[in-house]
$ cat target_34.txt   # compact mmCIF, C-alpha atoms
# COMPACT_ATOMS: atom_id res chain seq x y z
CA MET T 22 49.16 12.21 7.01
CA ILE T 23 46.43 12.27 4.38
CA ILE T 24 48.62 10.93 1.54
CA ASP T 25 49.70 7.90 3.59
CA GLU T 26 46.08 7.25 4.55
CA HIS T 27 44.95 7.42 0.93
CA VAL T 28 47.73 5.10 -0.28
CA ALA T 29 46.94 2.68 2.58
CA ALA T 30 43.24 2.70 1.65
CA LEU T 31 44.12 2.02 -1.99
CA SER T 32 46.48 -0.76 -0.92
CA ALA T 33 43.74 -2.39 1.17
CA ALA T 34 41.41 -2.39 -1.85
CA LEU T 35 43.89 -4.16 -4.16
CA GLN T 36 44.91 -7.80 -4.55
CA GLY T 37 47.74 -9.04 -6.72
CA PRO T 38 51.42 -9.97 -6.98
CA ALA T 39 53.16 -8.27 -4.02
CA ARG T 40 56.03 -6.78 -6.01
CA THR T 41 53.81 -5.33 -8.75
CA LYS T 42 51.43 -3.88 -6.17
CA ALA T 43 54.29 -2.35 -4.14
CA ARG T 44 55.70 -0.85 -7.34
CA MET T 45 52.36 0.74 -8.23
CA LEU T 46 51.89 2.16 -4.73
CA THR T 47 55.45 3.56 -4.64
CA GLU T 48 54.72 5.36 -7.89
CA VAL T 49 51.37 6.68 -6.60
CA ARG T 50 52.93 7.91 -3.36
CA ALA T 51 55.68 9.79 -5.23
CA GLY T 52 53.10 11.28 -7.60
CA LEU T 53 50.93 12.51 -4.71
CA ALA T 54 53.99 13.94 -2.95
CA ASP T 55 55.05 15.72 -6.19
CA ALA T 56 51.53 17.13 -6.62
CA THR T 57 51.49 18.32 -3.00
CA ASP T 58 54.85 20.07 -3.42
CA ASP T 59 53.65 21.70 -6.63
CA LEU T 60 50.45 22.98 -5.01
CA ALA T 61 52.31 24.14 -1.89
CA ALA T 62 54.67 26.12 -4.14
CA THR T 63 51.68 28.17 -5.32
CA GLY T 64 51.15 29.30 -1.72
CA LEU T 65 48.66 26.69 -0.49
CA PRO T 66 49.21 25.54 3.13
CA ALA T 67 50.80 22.06 3.22
CA ASP T 68 47.70 20.28 4.59
CA ASP T 69 45.42 21.88 2.01
CA ALA T 70 47.89 21.03 -0.75
CA ALA T 71 47.91 17.36 0.27
CA ARG T 72 44.12 17.30 0.50
CA ARG T 73 43.83 18.83 -2.95
CA ALA T 74 46.36 16.35 -4.41
CA VAL T 75 44.34 13.47 -2.98
CA ARG T 76 41.10 14.95 -4.34
CA ASP T 77 42.62 15.31 -7.83
CA PHE T 78 43.79 11.69 -7.60
CA GLY T 79 40.23 10.44 -7.15
CA ALA T 80 38.37 8.42 -4.52
CA VAL T 81 39.67 4.91 -3.90
CA ALA T 82 36.36 3.38 -5.03
CA ASP T 83 36.64 5.27 -8.36
CA VAL T 84 40.26 4.53 -9.24
CA ALA T 85 40.80 1.10 -7.64
CA PRO T 86 39.16 -0.87 -10.51
CA ASP T 87 41.75 0.43 -13.02
CA PHE T 88 44.60 -0.57 -10.70
CA GLN T 89 42.98 -3.93 -9.95
CA ARG T 90 42.60 -4.70 -13.67
CA GLU T 91 46.35 -4.23 -14.14
CA LEU T 92 47.14 -6.31 -11.05
CA THR T 93 44.83 -9.11 -12.18
CA ILE T 94 46.51 -9.14 -15.59
CA ALA T 95 49.95 -9.14 -13.90
CA GLN T 96 48.86 -12.18 -11.83
CA ALA T 97 47.43 -13.90 -14.92
CA ARG T 98 50.74 -13.36 -16.74
CA ARG T 99 52.67 -14.92 -13.84
CA THR T 100 50.35 -17.93 -13.75
CA ALA T 101 50.47 -18.26 -17.56
CA LEU T 102 54.28 -18.30 -17.44
CA ALA T 103 54.31 -20.89 -14.62
CA VAL T 104 51.90 -23.09 -16.61
CA ALA T 105 53.88 -22.73 -19.85
CA LEU T 106 57.15 -23.61 -18.06
CA SER T 107 55.67 -26.56 -16.14
CA ALA T 108 54.61 -28.40 -19.30
CA PRO T 109 58.18 -29.33 -20.37
CA VAL T 110 58.89 -30.53 -16.79
CA LEU T 111 55.83 -32.74 -16.90
CA LEU T 112 56.55 -34.12 -20.36
CA LEU T 113 60.19 -34.81 -19.51
CA CYS T 114 59.25 -36.72 -16.35
CA TRP T 115 56.74 -38.87 -18.20
CA GLN T 116 59.24 -39.46 -20.98
CA VAL T 117 61.85 -40.68 -18.51
CA ALA T 118 59.69 -42.71 -16.15
CA GLY T 119 56.49 -43.43 -18.02
CA SER T 120 57.89 -45.53 -20.85
CA GLY T 121 57.32 -48.81 -19.04
CA GLY T 122 54.42 -51.18 -19.61
CA GLY T 123 51.01 -51.42 -17.97
CA VAL T 124 48.74 -48.48 -17.36
CA LEU T 125 51.53 -45.87 -17.40
CA PRO T 126 51.77 -45.22 -21.18
CA HIS T 127 48.01 -44.49 -21.37
CA THR T 128 48.18 -42.14 -18.41
CA ALA T 129 51.29 -40.54 -19.91
CA ARG T 130 49.41 -39.74 -23.13
CA LEU T 131 46.50 -38.26 -21.17
CA VAL T 132 48.70 -36.14 -18.91
CA GLY T 133 50.83 -35.12 -21.89
CA ALA T 134 47.76 -33.89 -23.78
CA ALA T 135 46.50 -31.94 -20.74
CA ALA T 136 49.96 -30.39 -20.24
CA ALA T 137 50.17 -29.42 -23.91
CA VAL T 138 46.75 -27.75 -23.87
CA ALA T 139 47.55 -25.93 -20.61
CA ALA T 140 50.92 -24.79 -21.99
CA LEU T 141 49.28 -23.47 -25.17
CA LEU T 142 46.70 -21.59 -23.09
CA GLY T 143 49.52 -20.19 -20.95
CA ALA T 144 51.52 -19.04 -23.99
CA GLY T 145 48.34 -17.59 -25.54
CA GLY T 146 47.60 -15.77 -22.28
CA LEU T 147 51.06 -14.19 -22.27
CA ALA T 148 50.70 -13.06 -25.88
CA ALA T 149 47.17 -11.70 -25.40
CA THR T 150 48.23 -9.54 -22.46
CA GLY T 151 51.50 -8.42 -24.08
CA ALA T 152 52.11 -6.91 -27.50
CA TRP T 153 48.81 -8.24 -28.92
CA ALA T 154 46.96 -6.07 -26.40
CA ARG T 155 48.03 -2.95 -28.38
CA ARG T 156 45.28 -3.66 -30.88
CA LEU T 157 42.94 -6.09 -29.13
CA PRO T 158 41.49 -5.48 -25.69
CA VAL T 159 42.35 -8.20 -23.17
CA PRO T 160 39.28 -10.51 -23.01
CA SER T 161 37.59 -10.22 -19.63
CA ALA T 162 37.51 -14.02 -19.33
CA LEU T 163 41.28 -14.31 -19.80
CA PRO T 164 42.34 -14.27 -16.11
CA ARG T 165 39.73 -16.92 -15.32
CA THR T 166 40.84 -19.06 -18.27
CA VAL T 167 44.48 -18.83 -17.21
CA ALA T 168 43.51 -19.66 -13.61
CA TRP T 169 41.64 -22.71 -14.90
CA ALA T 170 44.61 -23.80 -17.04
CA GLY T 171 46.81 -23.36 -13.97
CA THR T 172 44.49 -25.47 -11.83
CA VAL T 173 44.45 -28.28 -14.41
CA SER T 174 48.20 -28.06 -14.85
CA GLY T 175 48.75 -28.08 -11.07
CA ALA T 176 46.51 -31.14 -10.69
CA ALA T 177 48.31 -32.96 -13.53
CA LEU T 178 51.64 -32.24 -11.83
CA GLY T 179 50.30 -33.50 -8.50
CA VAL T 180 48.95 -36.74 -9.98
CA SER T 181 52.15 -37.23 -11.96
CA ALA T 182 54.29 -36.70 -8.89
CA VAL T 183 52.57 -39.58 -7.12
CA ALA T 184 52.23 -41.90 -10.14
CA LEU T 185 55.79 -41.48 -11.42
CA THR T 186 57.43 -41.66 -8.03
CA VAL T 187 55.59 -44.89 -7.23
CA ALA T 188 56.40 -46.33 -10.68
CA SER T 189 60.10 -45.50 -10.37
CA ALA T 190 60.22 -46.86 -6.84
CA LEU T 191 58.49 -50.10 -7.89
CA ALA T 192 61.03 -50.42 -10.69
CA GLY T 193 63.72 -50.15 -8.04
CA ASN T 194 65.10 -46.87 -9.36
CA TRP T 195 65.23 -44.86 -6.14
CA PRO T 196 67.42 -41.94 -7.31
CA LEU T 197 65.10 -41.37 -10.29
CA ALA T 198 62.03 -41.66 -8.02
CA ALA T 199 63.47 -39.05 -5.67
CA ALA T 200 64.43 -36.67 -8.50
CA ILE T 201 61.01 -36.92 -10.13
CA ALA T 202 59.21 -36.53 -6.81
CA ALA T 203 61.19 -33.35 -6.03
CA LEU T 204 60.86 -31.83 -9.51
CA THR T 205 57.15 -32.47 -9.96
CA LEU T 206 56.24 -31.50 -6.40
CA VAL T 207 58.12 -28.18 -6.65
CA SER T 208 56.42 -27.47 -9.98
CA HIS T 209 53.07 -28.54 -8.55
CA ALA T 210 53.43 -26.21 -5.54
CA LYS T 211 54.46 -23.27 -7.73
CA VAL T 212 51.74 -23.70 -10.36
CA ALA T 213 48.95 -24.53 -7.88
CA ALA T 214 49.73 -21.49 -5.68
CA SER T 215 49.90 -19.22 -8.71
CA ALA T 216 46.61 -20.59 -10.04
CA ARG T 217 44.96 -20.03 -6.65
CA ALA T 218 46.15 -16.39 -6.59
CA CYS T 219 44.93 -15.97 -10.17
CA ARG T 220 41.46 -17.33 -9.32
CA HIS T 221 41.31 -14.88 -6.43
CA CYS T 222 42.30 -11.88 -8.59
CA ALA T 223 39.98 -12.96 -11.41
CA ARG T 224 37.04 -12.68 -9.03
CA LEU T 225 37.95 -9.03 -8.32
CA ALA T 226 38.43 -7.81 -11.88
CA MET Z 7 36.53 19.15 -19.64
CA ARG Z 8 36.15 16.46 -17.04
CA GLY Z 9 37.68 13.02 -16.92
CA ASP Z 10 34.94 11.08 -18.69
CA ALA Z 11 35.32 13.06 -21.93
CA VAL Z 12 39.09 12.63 -21.83
CA ARG Z 13 39.10 8.93 -20.96
CA GLY Z 14 38.80 7.56 -24.50
CA HIS Z 15 41.79 9.67 -25.58
CA LEU Z 16 43.96 9.12 -22.53
CA ASP Z 17 46.43 6.76 -24.26
CA ALA Z 18 47.01 9.18 -27.14
CA LEU Z 19 47.48 12.13 -24.74
CA LEU Z 20 50.02 10.22 -22.64
CA LEU Z 21 51.96 9.09 -25.72
CA ALA Z 22 51.91 12.62 -27.17
CA VAL Z 23 53.46 14.36 -24.15
CA LEU Z 24 56.24 11.74 -24.08
CA GLU Z 25 57.20 12.43 -27.71
CA ALA Z 26 59.70 15.15 -26.71
CA GLY Z 27 61.44 12.93 -24.13
CA PRO Z 28 61.04 10.76 -21.04
CA LEU Z 29 58.98 12.03 -18.07
CA HIS Z 30 57.80 10.61 -14.75
CA GLY Z 31 54.13 10.19 -13.77
CA TYR Z 32 53.40 13.56 -12.22
CA ALA Z 33 55.32 15.44 -14.93
CA ILE Z 34 53.21 13.62 -17.56
CA ILE Z 35 50.03 14.78 -15.80
CA THR Z 36 51.16 18.41 -15.62
CA ALA Z 37 52.36 18.29 -19.26
CA VAL Z 38 48.87 17.25 -20.43
CA GLN Z 39 47.25 19.98 -18.33
CA GLU Z 40 49.69 22.67 -19.50
CA ARG Z 41 49.50 21.76 -23.18
CA SER Z 42 45.69 21.89 -23.03
CA GLY Z 43 45.88 25.34 -21.40
CA GLY Z 44 44.32 23.84 -18.26
CA ALA Z 45 41.20 22.74 -20.19
CA LEU Z 46 41.85 19.03 -19.68
CA GLU Z 47 41.57 17.90 -16.08
CA LEU Z 48 42.91 14.39 -15.60
CA ARG Z 49 41.84 12.42 -12.60
CA THR Z 50 45.43 11.64 -11.72
CA GLY Z 51 44.53 8.25 -10.23
CA THR Z 52 43.58 6.97 -13.69
CA VAL Z 53 46.93 7.96 -15.21
CA TYR Z 54 49.14 5.54 -13.26
CA PRO Z 55 47.28 2.33 -14.26
CA ALA Z 56 47.19 3.63 -17.85
CA LEU Z 57 50.98 4.10 -17.83
CA ASN Z 58 51.35 0.60 -16.38
CA ARG Z 59 49.19 -0.79 -19.21
CA LEU Z 60 51.08 1.12 -21.95
CA GLU Z 61 54.35 -0.23 -20.58
CA ARG Z 62 52.96 -3.78 -20.44
CA VAL Z 63 51.97 -3.74 -24.10
CA GLY Z 64 55.35 -2.29 -25.09
CA LEU Z 65 54.34 1.24 -26.14
CA LEU Z 66 56.36 2.74 -23.27
CA SER Z 67 59.49 1.62 -21.46
CA GLY Z 68 59.80 2.44 -17.77
CA SER Z 69 62.76 2.79 -15.44
CA TRP Z 70 63.14 3.88 -11.82
CA GLN Z 71 64.91 7.12 -10.95
CA SER Z 72 65.69 8.44 -7.49
CA ALA Z 73 65.85 12.13 -6.68
CA GLY Z 74 65.34 14.00 -3.42
CA GLY Z 75 64.52 10.79 -1.55
CA ARG Z 76 61.67 9.94 -3.95
CA ARG Z 77 61.67 7.00 -6.34
CA ARG Z 78 59.83 7.86 -9.51
CA ARG Z 79 59.06 5.70 -12.49
CA CYS Z 80 60.23 7.42 -15.66
CA TYR Z 81 58.59 6.57 -18.98
CA ALA Z 82 59.92 6.82 -22.54
CA LEU Z 83 58.22 6.13 -25.88
CA THR Z 84 59.32 2.94 -27.62
CA ASP Z 85 59.44 2.63 -31.42
CA ALA Z 86 56.06 0.87 -31.26
CA GLY Z 87 54.81 3.78 -29.12
CA ARG Z 88 55.88 6.28 -31.80
CA ARG Z 89 54.11 4.30 -34.50
CA THR Z 90 50.94 4.06 -32.39
CA LEU Z 91 51.07 7.82 -31.70
CA ALA Z 92 51.34 8.53 -35.45
CA GLY Z 93 48.31 6.27 -36.03
CA GLU Z 94 46.33 8.01 -33.27
CA ARG Z 95 47.12 11.41 -34.85
CA THR Z 96 45.90 10.31 -38.27
CA ALA Z 97 42.72 8.81 -36.80
CA TRP Z 98 42.07 11.99 -34.79
CA ARG Z 99 42.51 14.24 -37.88
CA GLU Z 100 40.10 12.11 -39.90
CA PHE Z 101 37.59 12.09 -37.04
CA THR Z 102 37.67 15.86 -36.42
CA SER Z 103 37.49 16.69 -40.12
CA ALA Z 104 34.49 14.39 -40.61
CA ILE Z 105 32.62 15.75 -37.56
CA GLY Z 106 33.63 19.32 -38.49
CA ALA Z 107 32.28 18.90 -42.00
CA VAL Z 108 28.89 17.92 -40.55
CA LEU Z 109 28.73 20.49 -37.77
CA GLU Z 110 30.04 23.41 -39.82
CA PRO Z 111 29.10 22.90 -43.47
CA GLY Z 112 30.95 25.20 -45.86
CA PRO Z 113 29.18 27.46 -48.44
CA ALA Z 114 27.21 25.33 -50.90

$ encode --input "target_34.txt" --output "structure tokens"
Amino acid sequence: MIIDEHVAALSAALQGPARTKARMLTEVRAGLADATDDLAATGLPADDAARRAVRDFGAVADVAPDFQRELTIAQARRTALAVALSAPVLLLCWQVAGSGGGVLPHTARLVGAAAAVAALLGAGGLAATGAWARRLPVPSALPRTVAWAGTVSGAALGVSAVALTVASALAGNWPLAAAIAALTLVSHAKVAASARACRHCARLA
Amino acid sequence: MRGDAVRGHLDALLLAVLEAGPLHGYAIITAVQERSGGALELRTGTVYPALNRLERVGLLSGSWQSAGGRRRRCYALTDAGRRTLAGERTAWREFTSAIGAVLEPGPA
């Protein structure tokens, strides 16, 4: 059926968070079906009505960029949220485990500063794509900036996971080492995957 | 009037047809076409991302409704949407009166 083919072609052209993309395509499919019904009610044969509805919708190459822009922003918002939420995790872990002597306090300050900057960028990214976007257009560099913040934040979480787990283990505090390893590694996996998806989307729109 | 001429005013058109009450995507498209007496042809594929964007920035609120085996996203104006629509109307009146004054000068 021509509507299914058109929706499938649009789907193949788009990259982004699966749920947002599925939501958009569900809406498009219903809209094309409504348009087909409407045209068929005027006496057009069903196949012609569907063809006309698809023509009125626009060629995939013409309309895909608008959809992709929204999907890229949706991905950037997810990554920005993950980055903003990972900063407290990071700071808490360093607070708990990084207060010992040696090289740890210096590293803690460095990682803390990186986490704070990344969190601010994440929060700024959420604001710039939300209510602020009523008046100001979303800067085209925003998805890339958020992806970069996510990459930095993911790396900081990864380094922290190793450093803090080793430090806690050396101090003989195995339960703390295990808890920190689990918490930072989960955060690292979430943020790094989100940042990777965001980099990918940012290249498309 | 083809899509390109309409594009810059798409947000205002979408907000305006939702002023009377919530509608789903296809009903919004037909409302714009009917209210313009068929003069405005929207490329319907541009309307859905625009609705998505207006919902993201909080000018519309969306909710899913099921009828006849079809799930449709239904959109309603938010308070911010009403304020933005009022602003768009004022800007449009100022624009048309300024252009009109140049194109059709009154008696000196």

$ interface_residues --input "target_34.txt" --of "chain Z" --to "chain T" --cutoff "10 Å" --atoms "all atoms listed in the file" --output "PyMOL selection string"
chain Z and resi 30-33+35-36+47-56+58-65+70+75-80+86-87+90

$ residues_near_point --input "target_34.txt" --point "(51.3, -16.4, -12.3)" --cutoff "10 Å" --atoms "all atoms listed in the file" --output "list in words"
Gly37, Pro38, Thr93, Ile94, Ala95, Gln96, Ala97, Arg98, Arg99, Thr100, Ala101, Leu102, Ala103, Val104, Gly143, Pro164, Val167, Ala168, Gly171, Lys211, Val212, Ala213, Ala214, Ser215, Ala216, Arg217, Ala218 and Cys219 of chain T

$ write_last_selection --input "target_34.txt" --atoms "C-alpha atoms" --output "PDB file, keeping the file's coordinate frame"
ATOM      1  CA  GLY T  37      47.740  -9.040  -6.720  1.00  0.00           C
ATOM      2  CA  PRO T  38      51.420  -9.970  -6.980  1.00  0.00           C
ATOM      3  CA  THR T  93      44.830  -9.110 -12.180  1.00  0.00           C
ATOM      4  CA  ILE T  94      46.510  -9.140 -15.590  1.00  0.00           C
ATOM      5  CA  ALA T  95      49.950  -9.140 -13.900  1.00  0.00           C
ATOM      6  CA  GLN T  96      48.860 -12.180 -11.830  1.00  0.00           C
ATOM      7  CA  ALA T  97      47.430 -13.900 -14.920  1.00  0.00           C
ATOM      8  CA  ARG T  98      50.740 -13.360 -16.740  1.00  0.00           C
ATOM      9  CA  ARG T  99      52.670 -14.920 -13.840  1.00  0.00           C
ATOM     10  CA  THR T 100      50.350 -17.930 -13.750  1.00  0.00           C
ATOM     11  CA  ALA T 101      50.470 -18.260 -17.560  1.00  0.00           C
ATOM     12  CA  LEU T 102      54.280 -18.300 -17.440  1.00  0.00           C
ATOM     13  CA  ALA T 103      54.310 -20.890 -14.620  1.00  0.00           C
ATOM     14  CA  VAL T 104      51.900 -23.090 -16.610  1.00  0.00           C
ATOM     15  CA  GLY T 143      49.520 -20.190 -20.950  1.00  0.00           C
ATOM     16  CA  PRO T 164      42.340 -14.270 -16.110  1.00  0.00           C
ATOM     17  CA  VAL T 167      44.480 -18.830 -17.210  1.00  0.00           C
ATOM     18  CA  ALA T 168      43.510 -19.660 -13.610  1.00  0.00           C
ATOM     19  CA  GLY T 171      46.810 -23.360 -13.970  1.00  0.00           C
ATOM     20  CA  LYS T 211      54.460 -23.270  -7.730  1.00  0.00           C
ATOM     21  CA  VAL T 212      51.740 -23.700 -10.360  1.00  0.00           C
ATOM     22  CA  ALA T 213      48.950 -24.530  -7.880  1.00  0.00           C
ATOM     23  CA  ALA T 214      49.730 -21.490  -5.680  1.00  0.00           C
ATOM     24  CA  SER T 215      49.900 -19.220  -8.710  1.00  0.00           C
ATOM     25  CA  ALA T 216      46.610 -20.590 -10.040  1.00  0.00           C
ATOM     26  CA  ARG T 217      44.960 -20.030  -6.650  1.00  0.00           C
ATOM     27  CA  ALA T 218      46.150 -16.390  -6.590  1.00  0.00           C
ATOM     28  CA  CYS T 219      44.930 -15.970 -10.170  1.00  0.00           C
TER      29      CYS T 219
END

$ atom_distance --input "target_34.txt" --atom1 "CA of Ala139 in chain T" --atom2 "CA of Gly179 in chain T"
14.5 Å

$ residues_around --input "target_34.txt" --residues "Val187 in chain T" --least-positions-apart "4" --cutoff "12 Å" --atoms "all atoms listed in the file" --output "PyMOL selection string"
chain T and resi 118-119+125+180-183+191-195+197-199+201-202

$ atom_distance --input "target_34.txt" --atom1 "CA of Ser103 in chain Z" --atom2 "CA of His15 in chain Z"
16.7 Å

$ atom_distance --input "target_34.txt" --atom1 "CA of Gly106 in chain Z" --atom2 "CA of Leu91 in chain Z"
22.0 Å

$ closest_residue --input "target_34.txt" --among "Z:Leu16, Z:Ala92, Z:Ala26, Z:Leu83" --to "Leu46 in chain Z" --atoms "all atoms listed in the file"
Z:Leu16

$ closest_residue --input "target_34.txt" --among "Z:Glu25, Z:Trp98, Z:Leu20, Z:Leu66" --to "Val38 in chain Z" --atoms "all atoms listed in the file"
Z:Leu20

$ residues_near_point --input "target_34.txt" --point "(54.3, -33.3, -11.3)" --cutoff "9 Å" --atoms "all atoms listed in the file" --output "PyMOL selection string"
chain T and resi 107+110-111+114+174-185+201-209

$ build_atoms --input "target_34.txt" --residues "range 29-46 of chain Z" --atoms "N, CA and C atoms" --output "short mmCIF file (atom, residue, chain, number, x, y, z; two decimals), in the coordinates of the input"
data_model
loop_
_atom_site.label_atom_id
_atom_site.label_comp_id
_atom_site.auth_asym_id
_atom_site.auth_seq_id
_atom_site.Cartn_x
_atom_site.Cartn_y
_atom_site.Cartn_z
N LEU Z 29 59.51 11.28 -19.22
CA LEU Z 29 58.98 12.03 -18.07
C LEU Z 29 58.49 11.03 -17.03
N HIS Z 30 58.41 11.46 -15.77
CA HIS Z 30 57.80 10.61 -14.75
C HIS Z 30 56.32 10.95 -14.61
N GLY Z 31 55.59 10.13 -13.84
CA GLY Z 31 54.13 10.19 -13.77
C GLY Z 31 53.55 11.58 -13.57
N TYR Z 32 54.01 12.26 -12.52
CA TYR Z 32 53.40 13.56 -12.22
C TYR Z 32 53.72 14.59 -13.30
N ALA Z 33 54.95 14.51 -13.86
CA ALA Z 33 55.32 15.44 -14.93
C ALA Z 33 54.48 15.20 -16.19
N ILE Z 34 54.08 13.94 -16.42
CA ILE Z 34 53.21 13.62 -17.56
C ILE Z 34 51.85 14.28 -17.36
N ILE Z 35 51.34 14.19 -16.12
CA ILE Z 35 50.03 14.78 -15.80
C ILE Z 35 50.06 16.30 -16.00
N THR Z 36 51.10 16.95 -15.48
CA THR Z 36 51.16 18.41 -15.62
C THR Z 36 51.38 18.81 -17.08
N ALA Z 37 52.12 17.98 -17.84
CA ALA Z 37 52.36 18.29 -19.26
C ALA Z 37 51.05 18.29 -20.04
N VAL Z 38 50.17 17.29 -19.75
CA VAL Z 38 48.87 17.25 -20.43
C VAL Z 38 48.05 18.48 -20.06
N GLN Z 39 48.05 18.82 -18.78
CA GLN Z 39 47.25 19.98 -18.33
C GLN Z 39 47.79 21.28 -18.94
N GLU Z 40 49.11 21.43 -18.96
CA GLU Z 40 49.69 22.67 -19.50
C GLU Z 40 49.45 22.79 -21.00
N ARG Z 41 49.66 21.68 -21.72
CA ARG Z 41 49.50 21.76 -23.18
C ARG Z 41 48.06 22.00 -23.59
N SER Z 42 47.10 21.64 -22.71
CA SER Z 42 45.69 21.89 -23.03
C SER Z 42 45.26 23.25 -22.48
N GLY Z 43 46.21 24.04 -21.97
CA GLY Z 43 45.88 25.34 -21.40
C GLY Z 43 44.99 25.21 -20.18
N GLY Z 44 45.11 24.06 -19.48
CA GLY Z 44 44.32 23.84 -18.26
C GLY Z 44 42.91 23.35 -18.55
N ALA Z 45 42.57 23.15 -19.85
CA ALA Z 45 41.20 22.74 -20.19
C ALA Z 45 40.97 21.26 -19.87
N LEU Z 46 42.01 20.45 -19.95
CA LEU Z 46 41.85 19.03 -19.68
C LEU Z 46 42.25 18.74 -18.24
#
